[in-house]
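Student: My structure is in work-v4.csv, and what it holds is CSV, C-alpha atoms:
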chain,number,residue,atom,x,y,z
A,1,MET,CA,71.9,34.3,201.5
A,2,GLY,CA,69.5,37.1,200.5
A,3,ILE,CA,68.9,40.5,202.2
A,4,LEU,CA,65.6,39.2,203.7
A,5,ASP,CA,67.4,36.2,205.3
A,6,ASN,CA,70.0,38.5,206.8
A,7,PHE,CA,67.3,40.8,208.1
A,8,GLU,CA,65.4,38.0,209.7
A,9,LYS,CA,68.5,36.6,211.4
A,10,GLY,CA,69.4,40.1,212.7
A,11,LEU,CA,65.9,40.6,214.0
A,12,GLU,CA,66.0,37.2,215.8
A,13,ARG,CA,69.4,38.1,217.4
A,14,ALA,CA,68.0,41.4,218.6
A,15,VAL,CA,64.8,39.9,220.1
A,16,ASN,CA,66.7,37.1,221.9
A,17,GLY,CA,69.3,39.6,223.1
A,18,ALA,CA,66.5,41.7,224.6
A,19,PHE,CA,64.9,38.7,226.4
A,20,ALA,CA,68.3,37.6,227.7
A,21,LYS,CA,69.0,41.0,229.2
A,22,THR,CA,65.5,41.4,230.6
A,23,PHE,CA,65.0,38.0,232.3
A,24,LYS,CA,68.7,37.1,233.0
A,25,SER,CA,67.5,33.6,233.7
A,26,GLY,CA,70.5,32.0,232.1
A,27,LEU,CA,70.8,29.5,229.3
A,28,GLN,CA,68.8,26.2,229.7
A,29,PRO,CA,69.8,22.9,228.1
A,30,VAL,CA,66.5,22.7,226.1
A,31,GLU,CA,67.4,26.0,224.5
A,32,ILE,CA,70.7,24.5,223.3
A,33,THR,CA,68.7,21.6,221.7
A,34,SER,CA,66.5,24.1,219.9
A,35,ALA,CA,69.5,25.8,218.5
A,36,LEU,CA,71.1,22.5,217.4
A,37,ARG,CA,67.9,21.5,215.6
A,38,ARG,CA,67.8,24.8,213.8
A,39,GLU,CA,71.4,24.4,212.8
A,40,LEU,CA,70.8,21.0,211.4
A,41,ASP,CA,67.8,22.1,209.4
A,42,THR,CA,69.5,25.3,208.1
A,43,LYS,CA,72.8,23.7,207.0
A,44,ALA,CA,71.4,20.4,205.6
A,45,ALA,CA,72.4,20.2,202.0
A,46,VAL,CA,70.8,18.1,199.2
A,47,VAL,CA,73.6,16.2,197.6
A,48,SER,CA,71.5,13.9,195.5
A,49,ARG,CA,67.9,12.6,195.4
A,50,ASP,CA,68.6,10.1,198.2
A,51,ARG,CA,71.2,11.9,200.1
A,52,ILE,CA,70.9,15.0,202.4
A,53,LEU,CA,74.2,15.8,204.1
A,54,ALA,CA,74.1,17.6,207.5
A,55,PRO,CA,76.9,18.9,209.6
A,56,ASN,CA,78.3,16.6,212.3
A,57,ARG,CA,80.6,18.8,214.3
A,58,PHE,CA,79.2,21.5,216.5
A,59,THR,CA,80.7,24.1,218.8
A,60,VAL,CA,78.1,25.5,221.2
A,61,ARG,CA,79.1,29.0,222.2
A,62,MET,CA,77.7,30.7,225.3
A,63,SER,CA,78.5,33.3,228.0
A,64,HIS,CA,81.1,32.7,230.6
A,65,THR,CA,78.4,32.3,233.4
A,66,ASP,CA,76.3,29.9,231.3
A,67,PHE,CA,79.5,27.9,230.3
A,68,GLN,CA,80.3,27.3,233.9
A,69,ARG,CA,76.8,26.2,234.7
A,70,MET,CA,76.7,23.8,231.7
A,71,THR,CA,80.1,22.4,232.4
A,72,ASN,CA,79.0,21.6,235.9
A,73,LEU,CA,76.4,19.2,234.4
A,74,GLY,CA,79.2,16.9,233.4
A,75,PRO,CA,79.5,14.7,230.3
A,76,ALA,CA,75.9,13.5,230.5
A,77,LEU,CA,74.8,16.8,228.9
A,78,ILE,CA,77.0,16.2,225.8
A,79,ASP,CA,75.6,12.7,225.6
A,80,GLU,CA,72.1,14.0,225.7
A,81,LEU,CA,72.8,16.6,223.1
A,82,THR,CA,74.4,14.0,220.9
A,83,ASP,CA,71.4,11.8,221.2
A,84,LEU,CA,69.2,14.6,220.1
A,85,VAL,CA,71.2,15.4,217.0
A,86,GLN,CA,71.3,11.7,216.0
A,87,GLN,CA,67.5,11.3,216.5
A,88,HIS,CA,66.6,14.5,214.7
A,89,GLY,CA,68.9,13.5,211.8
A,90,ASN,CA,67.2,10.1,211.6
A,91,GLU,CA,63.7,11.7,211.6
A,92,GLN,CA,64.6,14.1,208.8
A,93,ARG,CA,66.6,11.4,206.9
A,94,TYR,CA,69.8,13.4,207.1
A,95,GLN,CA,73.2,11.7,206.6
A,96,PHE,CA,76.4,12.5,208.4
A,97,ALA,CA,80.0,12.2,207.0
A,98,GLY,CA,81.2,10.9,210.4
A,99,GLY,CA,80.3,10.6,214.0
A,100,ILE,CA,78.6,13.4,215.9
A,101,SER,CA,81.0,15.7,217.9
A,102,ILE,CA,79.6,18.4,220.2
A,103,SER,CA,81.7,20.8,222.4
A,104,LEU,CA,80.9,23.7,224.6
A,105,SER,CA,82.8,27.0,224.2
A,106,ASP,CA,83.2,30.0,226.6
A,107,ASP,CA,82.4,33.2,224.6
A,108,ARG,CA,82.7,36.3,226.7
A,109,GLY,CA,81.2,38.3,223.9
A,110,LEU,CA,77.8,36.8,224.4
A,111,SER,CA,75.2,37.9,227.0
A,112,GLU,CA,73.9,35.5,229.6
A,113,GLY,CA,71.0,33.4,228.2
A,114,MET,CA,72.2,33.5,224.6
A,115,VAL,CA,73.7,30.6,222.5
A,116,GLN,CA,75.3,30.5,219.1
A,117,ILE,CA,76.3,27.4,217.1
A,118,ASP,CA,79.3,26.9,214.8
A,119,SER,CA,79.0,23.8,212.7
A,120,SER,CA,81.1,21.9,210.1
A,121,THR,CA,81.0,18.7,208.1
A,122,VAL,CA,83.9,16.5,209.1
A,123,LYS,CA,84.7,13.2,207.4
A,124,GLY,CA,85.7,10.6,209.8
A,125,SER,CA,85.2,7.1,211.3
A,126,VAL,CA,82.7,6.3,213.9
A,127,THR,CA,83.1,4.3,217.1
A,128,TRP,CA,79.9,3.1,218.7
A,129,THR,CA,79.9,3.2,222.5
A,130,PRO,CA,77.2,1.3,224.5
A,131,VAL,CA,75.7,2.9,227.6
A,132,VAL,CA,72.8,2.3,230.0
A,133,ASP,CA,70.7,5.0,231.7
A,134,VAL,CA,69.7,3.9,235.2
A,135,GLY,CA,67.8,6.2,237.6
A,136,GLY,CA,69.0,9.3,235.8
A,137,LYS,CA,72.7,8.2,235.7
A,138,ARG,CA,74.5,7.1,232.6
A,139,TYR,CA,77.0,4.1,232.7
A,140,PRO,CA,79.3,3.3,229.8
A,141,LEU,CA,79.5,-0.4,229.2
A,142,ARG,CA,83.3,-0.7,229.1
A,143,LYS,CA,83.5,-4.5,229.5
A,144,SER,CA,82.2,-7.3,227.2
A,145,THR,CA,79.9,-8.4,230.1
A,146,THR,CA,78.2,-6.1,232.6
A,147,VAL,CA,76.2,-7.4,235.5
A,148,ILE,CA,73.4,-5.3,237.0
A,149,GLY,CA,71.8,-6.0,240.3
A,150,ARG,CA,71.4,-5.2,244.0
A,151,GLY,CA,74.6,-6.8,245.2
A,152,THR,CA,77.9,-5.0,245.8
A,153,ASP,CA,79.6,-7.5,243.5
A,154,ALA,CA,77.5,-6.3,240.5
A,155,ASP,CA,79.2,-4.0,238.0
A,156,ILE,CA,76.3,-1.6,238.3
A,157,THR,CA,74.6,-1.7,241.8
A,158,ILE,CA,71.1,-0.5,242.1
A,159,ASP,CA,69.1,0.3,245.2
A,160,ASP,CA,66.0,-1.7,244.6
A,161,THR,CA,64.8,-4.5,246.9
A,162,GLY,CA,62.7,-6.0,244.1
A,163,THR,CA,65.9,-7.0,242.3
A,164,SER,CA,68.3,-9.9,242.8
A,165,ARG,CA,71.9,-9.4,243.8
A,166,ARG,CA,73.0,-10.4,240.3
A,167,HIS,CA,69.8,-9.8,238.3
A,168,VAL,CA,70.8,-9.4,234.6
A,169,GLU,CA,73.8,-9.2,232.4
A,170,ILE,CA,74.4,-7.2,229.2
A,171,THR,CA,77.0,-8.5,226.8
A,172,TRP,CA,78.6,-6.3,224.0
A,173,ASP,CA,80.8,-7.8,221.2
A,174,GLY,CA,81.7,-4.4,219.7
A,175,ALA,CA,78.7,-4.4,217.3
A,176,ARG,CA,75.7,-6.0,219.0
A,177,ALA,CA,74.4,-6.3,222.5
A,178,GLN,CA,72.3,-9.0,224.4
A,179,VAL,CA,70.6,-9.1,227.7
A,180,ARG,CA,70.3,-12.2,229.8
A,181,ASP,CA,68.4,-12.8,233.0
A,182,LEU,CA,70.7,-14.5,235.6
A,183,GLY,CA,68.0,-16.6,237.2
A,184,SER,CA,66.5,-13.7,239.2
A,185,THR,CA,63.7,-14.2,241.7
A,186,ASN,CA,61.2,-11.7,240.1
A,187,GLY,CA,62.3,-12.0,236.5
A,188,SER,CA,63.1,-9.4,233.9
A,189,GLN,CA,61.2,-7.6,231.1
A,190,LEU,CA,62.4,-6.2,227.8
A,191,ASN,CA,60.1,-3.5,226.4
A,192,GLY,CA,57.3,-4.8,228.7
A,193,VAL,CA,57.7,-8.4,227.7
A,194,PRO,CA,59.2,-11.1,230.0
A,195,VAL,CA,62.7,-12.1,228.8
A,196,LYS,CA,65.3,-14.7,229.5
A,197,GLN,CA,67.8,-13.7,226.8
A,198,ALA,CA,67.4,-11.5,223.8
A,199,ILE,CA,69.2,-9.1,221.4
A,200,LEU,CA,69.2,-5.5,222.6
A,201,GLU,CA,68.3,-2.8,220.1
A,202,PRO,CA,69.1,0.9,220.7
A,203,ASP,CA,66.5,2.5,223.0
A,204,SER,CA,65.5,-0.9,224.4
A,205,VAL,CA,64.0,-0.7,228.0
A,206,ILE,CA,64.9,-3.4,230.5
A,207,THR,CA,62.8,-3.5,233.6
A,208,ILE,CA,64.0,-5.3,236.8
A,209,GLY,CA,62.0,-4.8,240.0
A,210,ARG,CA,61.0,-1.1,240.0
A,211,THR,CA,64.1,-0.1,238.0
A,212,ARG,CA,64.0,1.0,234.4
A,213,ILE,CA,67.2,0.6,232.4
A,214,VAL,CA,67.5,2.2,229.0
A,215,PHE,CA,70.1,0.8,226.6
A,216,ARG,CA,71.6,3.2,224.1
A,217,VAL,CA,74.6,3.3,221.7
A,218,LEU,CA,76.5,6.6,221.2
A,219,ALA,CA,78.4,7.5,218.1
A,220,GLN,CA,81.8,8.8,218.9
A,221,ALA,CA,83.6,10.8,216.2
A,222,HIS,CA,87.2,10.3,215.0
A,223,ALA,CA,87.8,13.2,212.7
A,224,ASP,CA,90.1,12.8,209.6
A,225,ALA,CA,89.7,15.9,207.5
A,226,PRO,CA,87.4,18.9,207.9
A,227,ALA,CA,85.2,20.1,205.1
A,228,ALA,CA,82.8,23.0,204.5
A,229,ASP,CA,83.2,24.9,207.7
A,230,GLN,CA,79.9,26.6,208.5
A,231,ARG,CA,79.1,29.2,211.1
A,232,SER,CA,75.7,30.2,212.4
A,233,ASP,CA,74.7,33.2,214.5
A,234,LEU,CA,71.3,31.9,215.5
A,235,PRO,CA,70.7,32.6,219.2
A,236,ALA,CA,68.1,30.4,220.8
A,237,ALA,CA,64.9,31.9,222.2
A,238,PRO,CA,65.4,32.1,226.0
A,239,HIS,CA,62.0,30.6,226.8
A,240,GLU,CA,61.4,28.1,224.0
A,241,ARG,CA,60.9,24.5,225.1
A,242,HIS,CA,61.6,21.3,223.4
A,243,ASP,CA,61.7,17.6,224.5
A,244,MET,CA,65.2,16.1,224.6
A,245,GLY,CA,64.1,13.2,222.4
A,246,GLY,CA,65.5,9.6,222.2
A,247,PHE,CA,68.3,7.9,220.3
A,248,TRP,CA,69.2,7.2,216.7
A,249,GLY,CA,71.4,4.2,216.7
A,250,PRO,CA,73.6,2.5,214.1
A,251,SER,CA,72.2,0.6,211.2
A,252,ALA,CA,72.3,-3.1,211.3
So that I can check it, write out the structure of this file as structure tokens.

Tutor:
Amino acid sequence: MGILDNFEKGLERAVNGAFAKTFKSGLQPVEITSALRRELDTKAAVVSRDRILAPNRFTVRMSHTDFQRMTNLGPALIDELTDLVQQHGNEQRYQFAGGISISLSDDRGLSEGMVQIDSSTVKGSVTWTPVVDVGGKRYPLRKSTTVIGRGTDADITIDDTGTSRRHVEITWDGARAQVRDLGSTNGSQLNGVPVKQAILEPDSVITIGRTRIVFRVLAQAHADAPAADQRSDLPAAPHERHDMGGFWGPSA
């Protein structure tokens, strides 16, 4: 890294530190996504003409106050950040040595509103975990068959009078998913088209009644051996805004 690069990084740290101390608004999730995007773009390495390797393990460091706030958001935050990294990697044609792993870290040396990212490339196997997002909540699909509907006997119960007690079921065989309408009164749609039974691709949208169900598959990392530890001191701009993005799923 040249002198100019070091100067620009130092200037960015100073500016963001000043904003954090002035506004004291606290770190926002969208600012973490901005920092993760920058980390991917900065650390992506061209291995060959058709292969750009990006880090797949991230530690997100933040102040004690921000850490408590983010931890209170629960596992859904990590899931959303993982979705973002996967999607951005797909858009940029990056490749990962293993599954994506993101953890939060309490760094009392950082001021409130600041974030720094440590990243590394970790070779490992990947386990794909199916989930559905329903009404702002995320449900892992832990069984081979999951029934969704209005009834209390459904695996996922939704408060929607336009749905049947047992409206649809989603099956997962460890690699692929299907959706099947269970003879509901008002029917079901998949990506806006009426459906009785069909294969579910990542980011598919199932609509039953007034309820929108998004099917996703998350990559869970099983690390074997670390390689090329990389550290970044790139604080996120306190008031920069980015969309969370969608999902980048497994290849067929």

Student: Just want the 12 Å neighbourhood of Arg51 of chain A, counted on only C-alpha atoms, with same-chain residues fewer than 5 positions away dropped. Output as JSON, numbers by chain.

Tutor: {"A": [44, 45, 46, 92, 93, 94, 95, 96, 97]}

Student: To one decimal in Å, tell me the separation between atom CA of Val85 of chain A and atom CA of Arg37 of chain A.

Tutor: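 Computed distance, atom CA of Val85 of chain A to atom CA of Arg37 of chain A, equals 7.1 Å.
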
Student: For a quick check of understanding, using only C-alpha atoms, which of A:Phe58, A:Leu141, A:Leu218, A:Leu36 has the smallest distance to Ser119 of chain A?

Tutor: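 So, comparing all the options, the nearest one is A:Phe58.
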
Student: Have a look at A:Arg176, A:Lys123, A:Arg108, A:Arg69 and name the one nearest to Asn56 of chain A; count only C-alpha atoms.

Tutor: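 Result for the nearest residue to Asn56 of chain A: A:Lys123.
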
Student: Is it possible to get the residues within 10 Å of (60.1, -5.0, 238.7) (coordinates as in the file, counting only C-alpha atoms) written as a PyMOL selection string?

Tutor: chain A and resi 160-163+186-189+206-212

Student: Using C-alpha atoms, can you export the residues from the last selection as an mmCIF file, in the coordinates of the input?

Tutor:
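Just written: selection16.cif:
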data_model
loop_
_atom_site.group_PDB
_atom_site.id
_atom_site.type_symbol
_atom_site.label_atom_id
_atom_site.label_comp_id
_atom_site.auth_asym_id
_atom_site.auth_seq_id
_atom_site.Cartn_x
_atom_site.Cartn_y
_atom_site.Cartn_z
ATOM 1 C CA ASP A 160 66.000 -1.700 244.600
ATOM 2 C CA THR A 161 64.800 -4.500 246.900
ATOM 3 C CA GLY A 162 62.700 -6.000 244.100
ATOM 4 C CA THR A 163 65.900 -7.000 242.300
ATOM 5 C CA ASN A 186 61.200 -11.700 240.100
ATOM 6 C CA GLY A 187 62.300 -12.000 236.500
ATOM 7 C CA SER A 188 63.100 -9.400 233.900
ATOM 8 C CA GLN A 189 61.200 -7.600 231.100
ATOM 9 C CA ILE A 206 64.900 -3.400 230.500
ATOM 10 C CA THR A 207 62.800 -3.500 233.600
ATOM 11 C CA ILE A 208 64.000 -5.300 236.800
ATOM 12 C CA GLY A 209 62.000 -4.800 240.000
ATOM 13 C CA ARG A 210 61.000 -1.100 240.000
ATOM 14 C CA THR A 211 64.100 -0.100 238.000
ATOM 15 C CA ARG A 212 64.000 1.000 234.400
#

Student: List as a list in words the protein and nucleic acid residues near Leu182 of chain A, meaning an atom at most 12 Å away when only C-alpha atoms are counted, but skip any in the same chain fewer than 4 places from it.

Tutor: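 So, after excluding close chain neighbours, the residues are Thr146, Val147, Ile148, Gly149, Ala154, Thr163, Ser164, Arg165, Arg166, His167, Val168, Glu169, Ile170, Asn186, Gly187, Ser188, Val195, Lys196, Gln197 and Ile208 of chain A.
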
Student: As an exercise, work out the distance from atom CA of Leu73 of chain A to atom CA of Val60 of chain A in Å and give it to one decimal place.

Tutor: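 Value for the atom CA of Leu73 of chain A-atom CA of Val60 of chain A distance: 14.7 Å.
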
Student: Could you work out how far atom CA of Thr129 of chain A lies from atom CA of Ser34 of chain A, giving the answer in Å with one decimal?

Tutor: 25.0 Å

Student: Using all atoms listed in the file, can you tell me which of A:Glu201, A:Val193, A:Gln87, A:Asp118 comes closest to Thr42 of chain A?

Tutor: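 Closest candidate: A:Asp118.
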
Student: Nearest residue to Gln68 of chain A out of A:Val179, A:Ala35, A:Leu104, A:Ile52, using all atoms listed in the file?

Tutor: A:Leu104

Student: Compare A:Asn191, A:Thr145, A:Thr65, A:Ser204 by their minimum atom-to-atom distance to Arg216 of chain A, counting all atoms listed in the file, and give me the closest one.

Tutor: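 Between A:Asn191, A:Thr145, A:Thr65, A:Ser204, the residue approaching Arg216 of chain A most closely is A:Ser204.
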
Student: As a list in words, please: the residues near Thr82 of chain A (cut-off 8 Å, all atoms listed in the file, same-chain neighbours under 6 positions excluded).

Tutor: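 Residues near the query, excluding close chain neighbours: Ile100, Ser101, Ile102 and Leu218 of chain A.
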
Student: Store the residues picked out above in a file with C-alpha atoms, as a PDB file, keeping the file's coordinate frame.

Tutor:
ATOM      1  CA  ILE A 100      78.600  13.400 215.900  1.00  0.00           C
ATOM      2  CA  SER A 101      81.000  15.700 217.900  1.00  0.00           C
ATOM      3  CA  ILE A 102      79.600  18.400 220.200  1.00  0.00           C
ATOM      4  CA  LEU A 218      76.500   6.600 221.200  1.00  0.00           C
TER       5      LEU A 218
END

Student: With distances taken over only C-alpha atoms, which residue among A:Ala175, A:Leu27, A:Ala76, A:Leu53 lies nearest Ile199 of chain A?

Tutor: A:Ala175
